[in-house]
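Printed here is input-v8.csv (CSV, C-alpha atoms):
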chain,number,residue,atom,x,y,z
A,1,MET,CA,1.3,17.5,-14.9
A,2,GLU,CA,4.6,16.0,-16.1
A,3,SER,CA,5.4,14.9,-12.5
A,4,ILE,CA,2.0,13.2,-12.2
A,5,TRP,CA,2.6,11.2,-15.3
A,6,GLN,CA,6.1,10.3,-14.0
A,7,ALA,CA,4.5,9.2,-10.7
A,8,ILE,CA,2.0,7.0,-12.5
A,9,ILE,CA,4.7,5.4,-14.7
A,10,LEU,CA,7.1,4.9,-11.7
A,11,GLY,CA,4.2,3.4,-9.7
A,12,ILE,CA,3.4,0.9,-12.4
A,13,ILE,CA,7.1,0.0,-12.8
A,14,GLN,CA,7.6,-0.5,-9.1
A,15,GLY,CA,4.4,-2.5,-8.8
A,16,LEU,CA,5.4,-4.9,-11.6
A,17,THR,CA,9.1,-5.2,-10.9
A,18,GLU,CA,8.8,-5.9,-7.2
A,19,PHE,CA,7.0,-9.1,-8.0
A,20,LEU,CA,7.8,-10.2,-11.6
A,21,PRO,CA,11.2,-11.7,-12.1
A,22,ILE,CA,12.7,-9.2,-14.5
A,23,SER,CA,15.2,-7.2,-12.4
A,24,SER,CA,14.2,-3.5,-12.0
A,25,SER,CA,17.8,-2.4,-11.4
A,26,GLY,CA,19.0,-4.2,-14.5
A,27,HIS,CA,16.3,-2.4,-16.6
A,28,LEU,CA,17.3,1.0,-15.0
A,29,GLU,CA,21.0,0.4,-16.0
A,30,ILE,CA,20.0,-0.5,-19.6
A,31,ALA,CA,17.6,2.5,-19.8
A,32,THR,CA,20.5,4.8,-18.6
A,33,PHE,CA,22.9,3.2,-21.1
A,34,ILE,CA,20.4,3.7,-24.0
A,35,LEU,CA,19.6,7.3,-23.1
A,36,GLU,CA,23.3,8.1,-22.8
A,37,HIS,CA,24.1,6.3,-26.0
A,38,PHE,CA,21.7,8.6,-27.8
A,39,GLY,CA,23.1,11.8,-26.3
A,40,SER,CA,20.7,12.2,-23.5
A,41,GLU,CA,21.8,12.9,-19.9
A,42,GLY,CA,20.4,9.6,-18.7
A,43,LEU,CA,17.8,9.1,-16.1
A,44,PRO,CA,17.2,11.9,-13.5
A,45,ASP,CA,18.8,11.4,-10.1
A,46,GLU,CA,16.9,9.0,-7.9
A,47,ASN,CA,14.3,10.7,-5.8
A,48,ILE,CA,14.8,9.1,-2.4
A,49,LEU,CA,11.3,10.1,-1.1
A,50,MET,CA,9.5,8.7,-4.1
A,51,THR,CA,11.5,5.5,-3.9
A,52,VAL,CA,10.6,5.1,-0.2
A,53,VAL,CA,6.9,5.8,-0.8
A,54,LEU,CA,6.7,3.3,-3.8
A,55,HIS,CA,8.5,0.6,-1.8
A,56,ALA,CA,6.2,1.1,1.1
A,57,ALA,CA,3.2,0.7,-1.3
A,58,THR,CA,4.4,-2.6,-2.7
A,59,ALA,CA,5.3,-3.9,0.8
A,60,LEU,CA,1.7,-3.0,1.9
A,61,SER,CA,0.3,-4.9,-1.2
A,62,THR,CA,2.4,-7.9,-0.1
A,63,LEU,CA,0.9,-7.7,3.4
A,64,PHE,CA,-2.6,-7.3,1.8
A,65,ILE,CA,-2.2,-10.5,-0.3
A,66,PHE,CA,-0.8,-12.5,2.5
A,67,ARG,CA,-2.9,-10.9,5.3
A,68,CYS,CA,-4.4,-14.2,6.5
A,69,GLU,CA,-0.9,-15.9,6.6
A,70,VAL,CA,0.7,-12.9,8.4
A,71,ALA,CA,-2.2,-12.7,10.9
A,72,GLN,CA,-1.8,-16.4,11.6
A,73,ILE,CA,2.0,-15.9,12.2
A,74,PHE,CA,1.4,-13.0,14.7
A,75,LYS,CA,-1.3,-15.0,16.4
A,76,GLY,CA,1.1,-17.9,16.8
A,77,LEU,CA,3.9,-15.6,18.0
A,78,LEU,CA,1.7,-14.1,20.7
A,79,GLN,CA,1.3,-17.6,22.2
A,80,PHE,CA,5.0,-17.4,23.1
A,81,LYS,CA,5.5,-21.0,22.3
A,82,TRP,CA,8.0,-23.0,20.1
A,83,ASN,CA,5.3,-23.4,17.5
A,84,GLU,CA,5.3,-23.5,13.6
A,85,GLU,CA,4.7,-19.7,13.4
A,86,PHE,CA,7.7,-19.0,15.6
A,87,LEU,CA,9.9,-21.2,13.5
A,88,PHE,CA,8.7,-19.5,10.3
A,89,SER,CA,9.5,-16.1,11.8
A,90,LEU,CA,13.0,-17.4,12.7
A,91,LYS,CA,13.5,-18.6,9.2
A,92,ILE,CA,12.5,-15.2,7.8
A,93,ILE,CA,15.0,-13.5,10.1
A,94,ILE,CA,17.8,-15.9,9.1
A,95,SER,CA,17.0,-15.3,5.4
A,96,MET,CA,17.4,-11.5,5.9
A,97,PHE,CA,21.0,-11.6,7.2
A,98,PRO,CA,23.0,-12.1,4.0
A,99,ALA,CA,21.2,-9.3,2.1
A,100,ALA,CA,21.5,-7.0,5.2
A,101,VAL,CA,25.3,-7.7,5.5
A,102,VAL,CA,26.0,-7.3,1.7
A,103,GLY,CA,23.8,-4.2,1.5
A,104,ILE,CA,25.6,-2.5,4.4
A,105,LEU,CA,29.2,-3.5,3.6
A,106,PHE,CA,29.3,-3.7,-0.2
A,107,ASP,CA,26.6,-1.4,-1.6
A,108,LYS,CA,29.0,1.2,-2.9
A,109,GLN,CA,31.4,-1.3,-4.4
A,110,ILE,CA,28.6,-3.0,-6.3
A,111,ASP,CA,27.4,0.4,-7.6
A,112,ALA,CA,30.9,1.2,-8.7
A,113,LEU,CA,31.5,-2.2,-10.3
A,114,PHE,CA,28.2,-2.4,-12.2
A,115,GLY,CA,27.3,1.2,-12.8
A,116,GLY,CA,27.2,1.8,-16.6
A,117,ARG,CA,28.8,-1.6,-17.4
A,118,ILE,CA,26.2,-3.0,-19.7
A,119,LEU,CA,28.1,-6.2,-20.4
A,120,LEU,CA,27.9,-7.3,-16.7
A,121,VAL,CA,24.3,-6.3,-16.4
A,122,GLY,CA,23.4,-8.2,-19.6
A,123,SER,CA,25.3,-11.2,-18.4
A,124,MET,CA,23.4,-11.1,-15.1
A,125,LEU,CA,20.1,-10.9,-16.9
A,126,VAL,CA,21.0,-14.1,-18.8
A,127,VAL,CA,21.9,-15.7,-15.4
A,128,THR,CA,18.4,-14.7,-14.2
A,129,GLY,CA,16.9,-16.3,-17.3
A,130,LEU,CA,18.8,-19.5,-16.8
A,131,LEU,CA,17.7,-19.7,-13.1
A,132,LEU,CA,14.0,-19.2,-14.1
A,133,PHE,CA,14.3,-21.7,-16.9
A,134,VAL,CA,15.9,-24.4,-14.8
A,135,ALA,CA,13.4,-23.7,-11.9
A,136,ASP,CA,10.5,-24.2,-14.2
A,137,LYS,CA,11.7,-27.7,-15.1
A,138,ALA,CA,12.0,-28.8,-11.4
A,139,LYS,CA,9.7,-31.7,-10.8
A,140,LYS,CA,10.0,-32.6,-7.1
A,141,THR,CA,8.7,-29.6,-5.2
A,142,GLU,CA,7.0,-30.7,-2.1
A,143,LYS,CA,9.4,-29.9,0.8
A,144,GLU,CA,8.9,-27.4,3.6
A,145,THR,CA,11.4,-24.6,4.1
A,146,SER,CA,14.1,-25.6,6.6
A,147,PHE,CA,16.6,-23.3,8.4
A,148,GLY,CA,19.3,-24.3,5.9
A,149,HIS,CA,17.0,-23.6,3.0
A,150,ALA,CA,16.2,-20.2,4.6
A,151,LEU,CA,19.9,-19.3,4.7
A,152,LEU,CA,20.5,-20.4,1.1
A,153,ILE,CA,17.4,-18.4,-0.1
A,154,GLY,CA,18.8,-15.4,1.9
A,155,LEU,CA,22.1,-15.8,0.0
A,156,ALA,CA,20.2,-15.8,-3.3
A,157,GLN,CA,18.6,-12.5,-2.1
A,158,ALA,CA,22.0,-11.1,-1.3
A,159,ILE,CA,23.3,-12.0,-4.8
A,160,ALA,CA,20.2,-10.4,-6.3
A,161,ILE,CA,21.6,-7.0,-5.2
A,162,LEU,CA,23.6,-7.2,-8.4
A,163,PRO,CA,21.8,-5.3,-11.2
A,164,GLY,CA,20.4,-7.8,-13.7
A,165,ILE,CA,19.6,-10.5,-11.1
A,166,SER,CA,15.9,-10.4,-10.1
A,167,ARG,CA,15.3,-10.7,-6.4
A,168,SER,CA,12.0,-12.5,-6.7
A,169,GLY,CA,13.4,-14.6,-9.6
A,170,ALA,CA,16.5,-15.6,-7.7
A,171,THR,CA,14.8,-16.4,-4.4
A,172,ILE,CA,11.9,-18.3,-5.9
A,173,SER,CA,14.1,-20.3,-8.3
A,174,THR,CA,16.5,-21.2,-5.5
A,175,SER,CA,13.6,-22.4,-3.3
A,176,VAL,CA,12.1,-24.4,-6.1
A,177,LEU,CA,15.5,-26.0,-7.0
A,178,LEU,CA,15.9,-26.9,-3.3
A,179,GLY,CA,12.7,-28.8,-3.7
A,180,ILE,CA,10.4,-26.5,-1.8
A,181,ASP,CA,6.7,-26.4,-2.7
A,182,ARG,CA,6.1,-23.7,-5.3
A,183,GLU,CA,3.4,-21.8,-3.5
A,184,ARG,CA,5.4,-21.8,-0.2
A,185,ALA,CA,8.5,-20.6,-2.2
A,186,ALA,CA,6.5,-17.6,-3.6
A,187,ARG,CA,5.1,-16.8,-0.2
A,188,PHE,CA,8.5,-17.0,1.5
A,189,SER,CA,10.1,-14.9,-1.2
A,190,PHE,CA,7.6,-12.1,-0.9
A,191,LEU,CA,7.4,-12.1,2.9
A,192,MET,CA,11.2,-12.2,3.5
A,193,VAL,CA,11.7,-8.8,2.0
A,194,VAL,CA,8.9,-6.9,3.8
A,195,PRO,CA,10.8,-6.4,7.2
A,196,LEU,CA,13.8,-5.2,5.2
A,197,ILE,CA,11.7,-2.6,3.3
A,198,PHE,CA,10.0,-1.3,6.4
A,199,GLY,CA,13.3,-1.2,8.3
A,200,LYS,CA,15.0,0.7,5.5
A,201,MET,CA,12.0,3.0,5.3
A,202,ALA,CA,12.0,3.8,9.0
A,203,ASP,CA,15.8,4.4,8.8
A,204,ASP,CA,15.4,6.8,5.9
A,205,ILE,CA,12.5,8.8,7.4
A,206,LEU,CA,13.8,9.0,11.0
A,207,GLY,CA,17.4,9.5,9.9
A,208,GLY,CA,16.5,12.8,8.2
A,209,SER,CA,17.8,11.7,4.8
A,210,ILE,CA,14.6,12.6,3.0
A,211,ARG,CA,13.1,16.0,2.3
A,212,ALA,CA,9.5,16.7,1.3
A,213,ASP,CA,8.1,19.4,-0.9
A,214,MET,CA,4.5,20.6,-1.1
A,215,ALA,CA,4.7,20.4,-4.9
A,216,THR,CA,5.5,16.6,-4.7
A,217,LEU,CA,2.5,15.7,-2.4
A,218,LEU,CA,0.1,14.9,-5.2
A,219,PRO,CA,2.6,12.9,-7.3
A,220,LEU,CA,3.6,11.0,-4.2
A,221,SER,CA,0.0,10.1,-3.3
A,222,ILE,CA,-0.8,9.1,-6.9
A,223,GLY,CA,2.5,7.0,-7.1
A,224,PHE,CA,1.7,5.3,-3.8
A,225,ILE,CA,-1.9,4.3,-4.9
A,226,ILE,CA,-0.8,3.2,-8.4
A,227,ALA,CA,2.1,1.1,-7.0
A,228,PHE,CA,-0.2,-0.5,-4.4
A,229,LEU,CA,-2.8,-1.5,-6.9
A,230,THR,CA,-0.3,-2.6,-9.5
A,231,GLY,CA,1.5,-4.6,-6.8
A,232,LEU,CA,-1.7,-6.4,-5.8
A,233,ILE,CA,-2.2,-7.5,-9.4
A,234,ALA,CA,1.4,-8.4,-10.0
A,235,CYS,CA,1.7,-10.4,-6.7
A,236,LYS,CA,-1.4,-12.5,-7.4
A,237,TRP,CA,-0.3,-13.0,-11.0
A,238,MET,CA,3.2,-14.1,-10.0
A,239,ILE,CA,1.9,-16.6,-7.4
A,240,GLN,CA,-0.2,-18.2,-10.2
A,241,LEU,CA,2.7,-18.2,-12.6
A,242,VAL,CA,5.0,-19.9,-10.1
A,243,LYS,CA,2.3,-22.5,-9.2
A,244,LYS,CA,1.6,-23.3,-12.9
A,245,SER,CA,5.4,-23.4,-13.8
A,246,LYS,CA,5.1,-20.6,-16.3
A,247,LEU,CA,8.3,-18.7,-15.4
A,248,LYS,CA,9.9,-19.8,-18.6
A,249,TYR,CA,8.3,-16.9,-20.5
A,250,PHE,CA,10.2,-14.5,-18.2
A,251,ALA,CA,13.3,-16.6,-18.8
A,252,TYR,CA,13.0,-16.0,-22.6
A,253,TYR,CA,12.5,-12.3,-22.0
A,254,CYS,CA,15.6,-12.1,-19.8
A,255,PHE,CA,17.6,-14.2,-22.4
A,256,VAL,CA,16.6,-11.8,-25.2
A,257,LEU,CA,17.2,-8.6,-23.3
A,258,GLY,CA,20.5,-9.8,-21.7
A,259,THR,CA,21.8,-11.1,-25.1
A,260,ILE,CA,21.0,-7.7,-26.8
A,261,ALA,CA,22.7,-5.9,-24.0
A,262,VAL,CA,25.8,-8.1,-24.2
A,263,PHE,CA,26.1,-7.7,-28.0
A,264,TRP,CA,25.3,-4.0,-27.9
A,265,ASN,CA,28.4,-3.6,-25.7
A,266,TRP,CA,30.6,-5.0,-28.4
A,267,LEU,CA,29.1,-2.9,-31.2
B,268,MET,CA,-8.9,-17.0,9.0
B,269,ASN,CA,-11.4,-14.9,7.2
B,270,PHE,CA,-10.3,-11.3,6.3
B,271,THR,CA,-13.1,-9.8,4.2
B,272,PHE,CA,-12.4,-6.1,3.6
B,273,GLY,CA,-15.2,-4.0,5.0
B,274,LYS,CA,-16.2,-0.3,5.1
B,275,THR,CA,-14.1,0.3,8.2
B,276,ASN,CA,-11.0,-1.2,6.6
B,277,TYR,CA,-11.4,1.3,3.7
B,278,GLN,CA,-12.0,4.2,6.1
B,279,LEU,CA,-8.8,3.2,8.0
B,280,LEU,CA,-6.9,3.0,4.7
B,281,ILE,CA,-7.9,6.5,3.8
B,282,ALA,CA,-7.2,7.8,7.3
B,283,GLY,CA,-3.7,6.3,7.0
B,284,VAL,CA,-3.0,8.1,3.7
B,285,ILE,CA,-4.3,11.4,5.2
B,286,VAL,CA,-2.0,11.1,8.3
B,287,MET,CA,1.0,10.4,6.0
B,288,ALA,CA,0.0,13.3,3.8
B,289,ILE,CA,-0.1,15.6,6.9
B,290,GLY,CA,3.3,14.3,7.8
B,291,PHE,CA,4.7,15.2,4.3
B,292,VAL,CA,3.1,18.7,4.5
B,293,LEU,CA,4.7,19.3,7.9
B,294,MET,CA,8.1,18.0,6.5
B,295,SER,CA,8.0,20.4,3.5
B,296,GLY,CA,9.4,23.9,3.3
B,297,GLY,CA,11.8,25.5,5.7
B,298,GLY,CA,14.5,26.1,3.1
B,299,SER,CA,16.1,29.5,2.6
B,300,ASP,CA,15.1,31.5,-0.6
B,301,ASP,CA,18.6,32.9,-0.7
B,302,PRO,CA,21.3,30.2,-1.3
B,303,ASN,CA,23.8,32.4,0.7
B,304,VAL,CA,21.6,32.5,3.8
B,305,PHE,CA,21.2,29.4,6.0
B,306,SER,CA,17.8,28.7,7.5
B,307,ASP,CA,17.5,26.9,10.8
B,308,ALA,CA,13.9,26.2,10.1
B,309,ILE,CA,14.8,23.3,7.9
B,310,PHE,CA,16.1,21.4,11.0
B,311,ASN,CA,13.3,22.3,13.5
B,312,THR,CA,11.3,19.9,15.6
B,313,GLN,CA,8.3,20.0,13.3
B,314,ARG,CA,10.4,18.8,10.3
B,315,LEU,CA,12.8,16.5,12.0
B,316,THR,CA,10.6,14.9,14.7
B,317,ILE,CA,6.9,15.4,14.4
B,318,ALA,CA,6.7,15.0,10.6
B,319,PRO,CA,8.6,11.6,10.4
B,320,ILE,CA,6.6,10.3,13.4
B,321,LEU,CA,3.3,11.2,11.6
B,322,ILE,CA,4.5,9.5,8.4
B,323,LEU,CA,5.4,6.3,10.2
B,324,THR,CA,2.1,6.5,12.2
B,325,GLY,CA,0.2,6.7,8.9
B,326,LEU,CA,2.1,3.6,7.7
B,327,VAL,CA,1.1,1.8,11.0
B,328,ILE,CA,-2.5,2.8,10.4
B,329,GLU,CA,-2.3,1.3,6.9
B,330,ILE,CA,-1.0,-2.0,8.3
B,331,PHE,CA,-3.7,-2.0,10.9
B,332,ALA,CA,-6.3,-1.3,8.2
B,333,ILE,CA,-5.2,-4.4,6.3
B,334,PHE,CA,-5.4,-6.6,9.3
B,335,TYR,CA,-8.4,-5.1,11.0
B,336,LYS,CA,-11.3,-7.6,11.3
B,337,PRO,CA,-14.7,-5.9,11.6
B,338,LYS,CA,-16.8,-7.3,14.4
B,339,GLU,CA,-19.7,-9.4,13.1
B,340,ASP,CA,-23.2,-8.3,14.2

Representation of the structure as structure tokens:
Amino acid sequence: MESIWQAIILGIIQGLTEFLPISSSGHLEIATFILEHFGSEGLPDENILMTVVLHAATALSTLFIFRCEVAQIFKGLLQFKWNEEFLFSLKIIISMFPAAVVGILFDKQIDALFGGRILLVGSMLVVTGLLLFVADKAKKTEKETSFGHALLIGLAQAIAILPGISRSGATISTSVLLGIDRERAARFSFLMVVPLIFGKMADDILGGSIRADMATLLPLSIGFIIAFLTGLIACKWMIQLVKKSKLKYFAYYCFVLGTIAVFWNWL
Amino acid sequence: MNFTFGKTNYQLLIAGVIVMAIGFVLMSGGGSDDPNVFSDAIFNTQRLTIAPILILTGLVIEIFAIFYKPKED
């Protein structure tokens, strides 16, 4: 029963943090710090299978929300012409490179540098807040995404591997600050991560790095459904927030949490 | 492009979840009860090949369910 409740909570957290700009990894580091500060053993070791299943659920909710756009892209690609859909796909591929390179080459170093260092995580949350705040003030946002923009947005995604920097926050803010239309920015941000998630998932499953257990089947299924449904709501909500320039509320939240984390480190 | 979700889409979504669940069932077990005894069953074809392929097939069915456009009468 406990594992079912854990699956529900994990599903909600994954569904929300995949789309809302609040940095799930930053929150995990802070939660671990608080638990250890009060004498607990911290969070349990990451369950790779549950992580894979929850990420698959939110990737599917992204595809569900953008199914018309994605279908249009595939329809255009199947014409085998140098058309708008082909160019969009190329931009998505370009945007994936920086995160893939940083993830493969520096993942362990980043873990070692930031793991348990609440000052760095708090500072990065403040940076996320600043990005969101400045992006919300941007006025001229009517451009289309160019190849150069795609690379810069990809760099923002690579930087967002740091705990405390929100992936959606960093990529959407970068896009908006580059002058890209807000709705396009949100769409690009959410679609650019889908191939990475499915690629990582296929690698984990076929690579034999995950193990299943009959006892985890029900929690896995429940976590999957909850993450999918929460992801649908959060994705739609986030698109509306970006369009209406209401990211500043998340900026305030990141400022407050980041500042508390920084000061807590000095106490 | 109109993508109204119909009965067939929901059926396909459920079918995908079932296929993934079968994959997880096939992947489970195989470990030794005695920590001093190694069990080869944990690395057999069922767990290392068939189960992962079924899980990924389930995922592909889910993606297909999202994009499937029911034929209009």

Using 9 Å as the limit and counting only C-alpha atoms, can you tabulate each residue of chain A that touches chain B, with its shortest atom-to-atom distance in Å and the two atoms involved, as JSON lines?
{"residue": "A:Ala56", "atom": "CA", "partner": "B:Leu326", "partner_atom": "CA", "distance": 8.2}
{"residue": "A:Leu60", "atom": "CA", "partner": "B:Ile330", "partner_atom": "CA", "distance": 7.0}
{"residue": "A:Leu63", "atom": "CA", "partner": "B:Ile333", "partner_atom": "CA", "distance": 7.5}
{"residue": "A:Phe64", "atom": "CA", "partner": "B:Ile333", "partner_atom": "CA", "distance": 6.0}
{"residue": "A:Arg67", "atom": "CA", "partner": "B:Phe334", "partner_atom": "CA", "distance": 6.4}
{"residue": "A:Cys68", "atom": "CA", "partner": "B:Met268", "partner_atom": "CA", "distance": 5.9}
{"residue": "A:Glu69", "atom": "CA", "partner": "B:Met268", "partner_atom": "CA", "distance": 8.4}
{"residue": "A:Val70", "atom": "CA", "partner": "B:Phe334", "partner_atom": "CA", "distance": 8.8}
{"residue": "A:Ala71", "atom": "CA", "partner": "B:Phe334", "partner_atom": "CA", "distance": 7.1}
{"residue": "A:Gln72", "atom": "CA", "partner": "B:Met268", "partner_atom": "CA", "distance": 7.6}
{"residue": "A:Met201", "atom": "CA", "partner": "B:Leu323", "partner_atom": "CA", "distance": 8.9}
{"residue": "A:Ala202", "atom": "CA", "partner": "B:Leu323", "partner_atom": "CA", "distance": 7.2}
{"residue": "A:Ile205", "atom": "CA", "partner": "B:Pro319", "partner_atom": "CA", "distance": 5.7}
{"residue": "A:Leu206", "atom": "CA", "partner": "B:Pro319", "partner_atom": "CA", "distance": 5.8}
{"residue": "A:Gly207", "atom": "CA", "partner": "B:Leu315", "partner_atom": "CA", "distance": 8.6}
{"residue": "A:Gly208", "atom": "CA", "partner": "B:Leu315", "partner_atom": "CA", "distance": 6.5}
{"residue": "A:Arg211", "atom": "CA", "partner": "B:Met294", "partner_atom": "CA", "distance": 6.8}
{"residue": "A:Ala212", "atom": "CA", "partner": "B:Ser295", "partner_atom": "CA", "distance": 4.6}
{"residue": "A:Asp213", "atom": "CA", "partner": "B:Ser295", "partner_atom": "CA", "distance": 4.5}
{"residue": "A:Met214", "atom": "CA", "partner": "B:Ser295", "partner_atom": "CA", "distance": 5.8}
{"residue": "A:Leu217", "atom": "CA", "partner": "B:Phe291", "partner_atom": "CA", "distance": 7.1}
{"residue": "A:Ser221", "atom": "CA", "partner": "B:Ala288", "partner_atom": "CA", "distance": 7.8}

Within 12 Å of (-3.7, 14.0, -8.2), all atoms listed in the file: residues as a VMD selection string?
chain A and resid 1 to 8 215 to 226

Could you work out how far atom CA of A:Leu77 lies from atom CA of A:Leu54, giving the answer in Å with one decimal?
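Here the two named atoms are 29.0 Å from each other.
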
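Interatomic distance, atom CA of A:Ile159 against atom CA of A:Gly122: 15.3 Å.
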
Nearest to A:Gln109, chosen from A:Ile260, A:Ile161, A:Leu35, A:Ile48, with only C-alpha atoms counted in the distances:
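Answer, going by the shortest atom-to-atom distance: A:Ile161.
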
Find the residues around A:Leu130 up to 10 Å (only C-alpha atoms counted), leave out those fewer than 2 positions away in its own chain, and share them as a ChimeraX atom specification.
/A:124-128,132-136,173,248,251-252,254-255

Contacts of A:Gly76 within 12 Å, all atoms listed in the file, excl. fewer than 6 positions in-chain, as number ranges by chain
A: 69-70, 82-89

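Closest approach to B:Leu280 among A:Ala99, A:Ile22, A:Ser189, A:Phe228: A:Phe228, based on only C-alpha atoms.
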
Point-to-point distance in Å for atom CA of A:Leu119 and atom CA of A:Val262:
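Pair atom CA of A:Val262 / atom CA of A:Leu119 returns 4.8 Å.
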
Might you pull out every residue within 9 Å of A:Leu155, with only C-alpha atoms counted and same-chain residues fewer than 3 positions away left off, and present them as a CSV table (one decimal) with C-alpha atoms, keeping the file's coordinate frame?
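Output saved as part_32.csv:
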chain,number,residue,atom,x,y,z
A,95,SER,CA,17.0,-15.3,5.4
A,96,MET,CA,17.4,-11.5,5.9
A,97,PHE,CA,21.0,-11.6,7.2
A,98,PRO,CA,23.0,-12.1,4.0
A,99,ALA,CA,21.2,-9.3,2.1
A,150,ALA,CA,16.2,-20.2,4.6
A,151,LEU,CA,19.9,-19.3,4.7
A,152,LEU,CA,20.5,-20.4,1.1
A,158,ALA,CA,22.0,-11.1,-1.3
A,159,ILE,CA,23.3,-12.0,-4.8
A,160,ALA,CA,20.2,-10.4,-6.3
A,171,THR,CA,14.8,-16.4,-4.4

Hey, which of A:Leu10, A:Lys91, A:Ser166, A:Val194 ends up closest to A:Glu144? Count all atoms listed in the file.
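When distances to A:Glu144 are compared using all atoms listed in the file, the smallest one comes from A:Lys91.
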
Point out the residue among A:Phe147, A:Phe38, A:Phe198, A:Phe19 with the least atom-to-atom distance to A:Ala186, counting only C-alpha atoms.
A:Phe19
